[in-house]
Amino acid sequence: MQDSRTGRQLTLRHGAHEAVVVELGAALRSYTVGGRPVIDGFAAQEPVTGGRGQILVPWPNRIRDGRYTWEGRELRLPLTEPAAGNAIHGLLRWVPWRVAEEGGDRAVLDVELRPQPGYPFHLGVRAAYTLGGHGLEVAVTARNLGPDAAPYGFGQHPYVRAGTASVDEAVLTLPARTRLVTDGRGLPVGAEPVAGTEYDLRAPRALGPLRLDTPFGDLERDADGRAVVRLAHPSGTLGTDVWLGPGADWVQLYTGDTLPPGERRRAVAVEPMTCPPDAFRSGTGLVRLAPGAHHTVRWGITPWGE
């Protein structure tokens with residue numbers, strides 16, 4: 001453990017697997033297996049850019065104009081994506097979380113989200129990271145500590161790699177039957193089936209020049225109730241799976257085309273979400289967290305191959 005610009009660095013180890021979680025935002029900074037990068041993170045003394053590894057609570061993605069209505073109340077959030085006029089990625093990315101447990105293959109961090117302009121609700125949030133032989137599992141739990149029901153959604157923002165210099169060469173499998181069509185502000189304006197379109201990635205396919213900053217839903221799940229997004233090396237010998245547990249019903253894929261030069265198309269952000277963009281306004285997938293109630297969602301990363 002060491003200090004850095006992102007606070008304490010918590011190192012988890014299990015066999016050849018090593019992950020680092022930071023105090024700032026409880027973000028996942030790095031994950032390697034036998035020295036091979038599984039995610040495209042950031043160095044210990046670097047700031048977080050592009051949302052890398054960050055937890056997105058109490059909403060993922062964007063809210064149009066930062067305005068929404070909740071149980072008869074008109075509320076307005078700060079516009080944290082001012083160029084597009086959106087409130088983006090929640091309220092806990094840039095605050096230090098408290099380390100509740102650390103050591104070996106596990107780290108747990110807690111934070112309180114207190115009432116504030118635009119979100120006058122009181123939540124306690126816990127993020128638990130566990131590293132094992134099958135990869136990394138993340139469980140994020142929110143509990144309503146206040147007297148009023150609160151709107152709630154979760155997301156996280158890992159950038160996944162599969163041994164290629166560019167995502168163009170990587171082979172992607174995405175078990176989604178629907179995508180949301182978005183406008184120039186990244187907000188949904190409709191939905192369409194992926195069948196017969198360039199967004200149909202249900203069978204493995206090289207990404208090539210396809211540009212993604214796209215929400216997908218209607219996910220196909222395996223016998224364990226998990227939806228699995230796979231990014232593989234073109235050789236088929238190694239890759240990285242991101243699995244979404246029950247309740248993570250949406251996933252945003254981002255190929256990094258708007259990142260600064262040198263960071264573009266280096267990895268694919270595979271973002272598990274409980275709700276799509278603008279859910280505070282549409283209500284789609286939004287959790288109504290009653291006083292005293294809690295909500296947990298699990299997702300994970302499973303590297304495979306040599």
# chains A, B, ... in the order shown; residues from 1 in each chain; ligands from 1
call {"tool": "residues_around", "arguments": {"residues": "region 114-129 of chain A", "least_positions_apart": "5", "cutoff": "7 Å", "atoms": "only C-alpha atoms", "output": "PyMOL selection string"}}
result
chain A and resi 75-77+106-109+136-146+150
call {"tool": "closest_atom_pairs", "arguments": {"of": "region 17-124 of chain A", "to": "region 184-192 of chain A", "cutoff": "9 Å", "atoms": "only C-alpha atoms", "output": "tab-separated table"}}
result
residue	atom	partner	partner_atom	distance
A:Asn61	CA	A:Gly186	CA	8.6
A:Arg62	CA	A:Leu187	CA	6.9
A:Ile63	CA	A:Leu187	CA	7.8
A:Arg64	CA	A:Leu187	CA	7.1
A:Ala83	CA	A:Arg185	CA	8.8
A:Ala84	CA	A:Arg185	CA	5.3
A:Gly85	CA	A:Arg185	CA	7.8
A:Asn86	CA	A:Arg185	CA	7.8
call {"tool": "write_last_selection", "arguments": {"atoms": "all heavy atoms", "output": "mmCIF file, in the first residue's frame"}}
result
data_model
loop_
_atom_site.group_PDB
_atom_site.id
_atom_site.type_symbol
_atom_site.label_atom_id
_atom_site.label_comp_id
_atom_site.auth_asym_id
_atom_site.auth_seq_id
_atom_site.Cartn_x
_atom_site.Cartn_y
_atom_site.Cartn_z
ATOM 1 N N ASN A 61 -23.872 7.229 -16.509
ATOM 2 C CA ASN A 61 -24.121 7.891 -17.786
ATOM 3 C C ASN A 61 -24.680 9.298 -17.569
ATOM 4 O O ASN A 61 -24.242 9.993 -16.665
ATOM 5 C CB ASN A 61 -25.014 7.007 -18.669
ATOM 6 C CG ASN A 61 -24.560 6.998 -20.116
ATOM 7 O OD1 ASN A 61 -24.670 7.990 -20.820
ATOM 8 N ND2 ASN A 61 -24.027 5.866 -20.555
ATOM 9 N N ARG A 62 -25.663 9.719 -18.368
ATOM 10 C CA ARG A 62 -26.039 11.125 -18.445
ATOM 11 C C ARG A 62 -27.493 11.393 -18.045
ATOM 12 O O ARG A 62 -28.355 10.544 -18.233
ATOM 13 C CB ARG A 62 -25.823 11.632 -19.881
ATOM 14 C CG ARG A 62 -24.367 11.586 -20.307
ATOM 15 C CD ARG A 62 -24.219 11.668 -21.822
ATOM 16 N NE ARG A 62 -22.823 11.798 -22.199
ATOM 17 C CZ ARG A 62 -21.999 10.754 -22.382
ATOM 18 N NH1 ARG A 62 -22.454 9.515 -22.227
ATOM 19 N NH2 ARG A 62 -20.742 10.955 -22.720
ATOM 20 N N ILE A 63 -27.718 12.618 -17.548
ATOM 21 C CA ILE A 63 -29.064 13.136 -17.305
ATOM 22 C C ILE A 63 -29.202 14.445 -18.075
ATOM 23 O O ILE A 63 -28.414 15.386 -17.861
ATOM 24 C CB ILE A 63 -29.329 13.358 -15.806
ATOM 25 C CG1 ILE A 63 -29.202 12.040 -15.025
ATOM 26 C CG2 ILE A 63 -30.710 13.981 -15.586
ATOM 27 C CD1 ILE A 63 -29.280 12.212 -13.521
ATOM 28 N N ARG A 64 -30.181 14.501 -18.959
ATOM 29 C CA ARG A 64 -30.385 15.673 -19.809
ATOM 30 C C ARG A 64 -30.621 16.939 -18.967
ATOM 31 O O ARG A 64 -31.499 16.974 -18.110
ATOM 32 C CB ARG A 64 -31.582 15.438 -20.729
ATOM 33 C CG ARG A 64 -31.852 16.563 -21.719
ATOM 34 C CD ARG A 64 -33.117 16.301 -22.501
ATOM 35 N NE ARG A 64 -33.049 15.059 -23.265
ATOM 36 C CZ ARG A 64 -32.549 14.960 -24.504
ATOM 37 N NH1 ARG A 64 -32.074 16.031 -25.105
ATOM 38 N NH2 ARG A 64 -32.529 13.780 -25.120
ATOM 39 N N ALA A 83 -20.248 20.983 -21.718
ATOM 40 C CA ALA A 83 -20.282 21.181 -23.164
ATOM 41 C C ALA A 83 -21.533 20.574 -23.787
ATOM 42 O O ALA A 83 -22.043 21.070 -24.791
ATOM 43 C CB ALA A 83 -19.030 20.593 -23.803
ATOM 44 N N ALA A 84 -22.030 19.478 -23.187
ATOM 45 C CA ALA A 84 -23.229 18.818 -23.694
ATOM 46 C C ALA A 84 -24.463 19.153 -22.878
ATOM 47 O O ALA A 84 -25.567 18.713 -23.220
ATOM 48 C CB ALA A 84 -23.016 17.303 -23.724
ATOM 49 N N GLY A 85 -24.289 19.888 -21.792
ATOM 50 C CA GLY A 85 -25.425 20.254 -20.968
ATOM 51 C C GLY A 85 -26.005 19.097 -20.180
ATOM 52 O O GLY A 85 -27.219 19.047 -19.949
ATOM 53 N N ASN A 86 -25.149 18.183 -19.733
ATOM 54 C CA ASN A 86 -25.604 17.001 -19.002
ATOM 55 C C ASN A 86 -24.995 16.943 -17.607
ATOM 56 O O ASN A 86 -23.908 17.483 -17.358
ATOM 57 C CB ASN A 86 -25.187 15.715 -19.730
ATOM 58 C CG ASN A 86 -25.795 15.587 -21.107
ATOM 59 O OD1 ASN A 86 -26.966 15.895 -21.312
ATOM 60 N ND2 ASN A 86 -25.001 15.118 -22.063
#
call {"tool": "select_by_dssp", "arguments": {"residues": "region 24-227 of chain A", "states": "strand (DSSP E or B)", "output": "ChimeraX atom specification"}}
result
/A:24,28-33,36-37,39,55-56,62-64,67-70,73-76,81,86-88,96,98-103,106-113,116,119,123-132,135-144,150-152,155-156,159-160,171-173,176-182,188-193,205-206,213-219,227
call {"tool": "residues_around", "arguments": {"residues": "region 171-183 of chain A", "least_positions_apart": "5", "cutoff": "7 Å", "atoms": "only C-alpha atoms", "output": "PyMOL selection string"}}
result
chain A and resi 188-194+201-207+214-220+227-234
call {"tool": "closest_residue", "arguments": {"among": "A:Gly153, A:Gly51, A:Gly300, A:Pro291", "to": "Tyr254 (chain A)", "atoms": "only C-alpha atoms"}}
result
A:Gly51
call {"tool": "decode", "arguments": {"residues": "region 258-274 of chain A", "atoms": "N, CA and C atoms", "output": "tab-separated table (two decimals), in the first residue's frame"}}
result
chain	number	residue	atom	x	y	z
A	258	THR	N	-13.11	9.58	-28.62
A	258	THR	CA	-13.04	10.99	-28.25
A	258	THR	C	-12.00	11.27	-27.16
A	259	LEU	N	-11.22	10.26	-26.79
A	259	LEU	CA	-10.16	10.46	-25.81
A	259	LEU	C	-8.99	11.22	-26.46
A	260	PRO	N	-8.07	11.74	-25.65
A	260	PRO	CA	-6.91	12.43	-26.23
A	260	PRO	C	-6.08	11.49	-27.10
A	261	PRO	N	-5.37	12.04	-28.09
A	261	PRO	CA	-4.48	11.21	-28.91
A	261	PRO	C	-3.53	10.40	-28.03
A	262	GLY	N	-3.30	9.17	-28.43
A	262	GLY	CA	-2.47	8.27	-27.64
A	262	GLY	C	-3.27	7.38	-26.72
A	263	GLU	N	-4.50	7.79	-26.40
A	263	GLU	CA	-5.38	6.96	-25.57
A	263	GLU	C	-6.54	6.38	-26.37
A	264	ARG	N	-6.74	6.88	-27.58
A	264	ARG	CA	-7.91	6.47	-28.37
A	264	ARG	C	-7.79	5.03	-28.85
A	265	ARG	N	-8.90	4.32	-28.78
A	265	ARG	CA	-9.03	2.96	-29.33
A	265	ARG	C	-7.93	2.03	-28.82
A	266	ARG	N	-7.50	2.26	-27.59
A	266	ARG	CA	-6.49	1.41	-26.97
A	266	ARG	C	-7.14	0.28	-26.20
A	267	ALA	N	-8.40	0.49	-25.81
A	267	ALA	CA	-9.16	-0.49	-25.04
A	267	ALA	C	-10.64	-0.21	-25.27
A	268	VAL	N	-11.48	-1.15	-24.85
A	268	VAL	CA	-12.93	-0.96	-24.93
A	268	VAL	C	-13.48	-0.83	-23.52
A	269	ALA	N	-14.13	0.30	-23.25
A	269	ALA	CA	-14.83	0.44	-21.98
A	269	ALA	C	-16.09	-0.41	-22.05
A	270	VAL	N	-16.19	-1.38	-21.15
A	270	VAL	CA	-17.36	-2.24	-21.04
A	270	VAL	C	-18.00	-1.91	-19.70
A	271	GLU	N	-19.08	-1.14	-19.74
A	271	GLU	CA	-19.62	-0.50	-18.54
A	271	GLU	C	-20.93	-1.16	-18.10
A	272	PRO	N	-20.89	-2.00	-17.06
A	272	PRO	CA	-22.14	-2.56	-16.54
A	272	PRO	C	-22.98	-1.45	-15.93
A	273	MET	N	-24.29	-1.47	-16.19
A	273	MET	CA	-25.19	-0.44	-15.67
A	273	MET	C	-26.52	-1.09	-15.26
A	274	THR	N	-27.13	-0.55	-14.23
A	274	THR	CA	-28.45	-1.02	-13.85
A	274	THR	C	-29.55	-0.31	-14.62
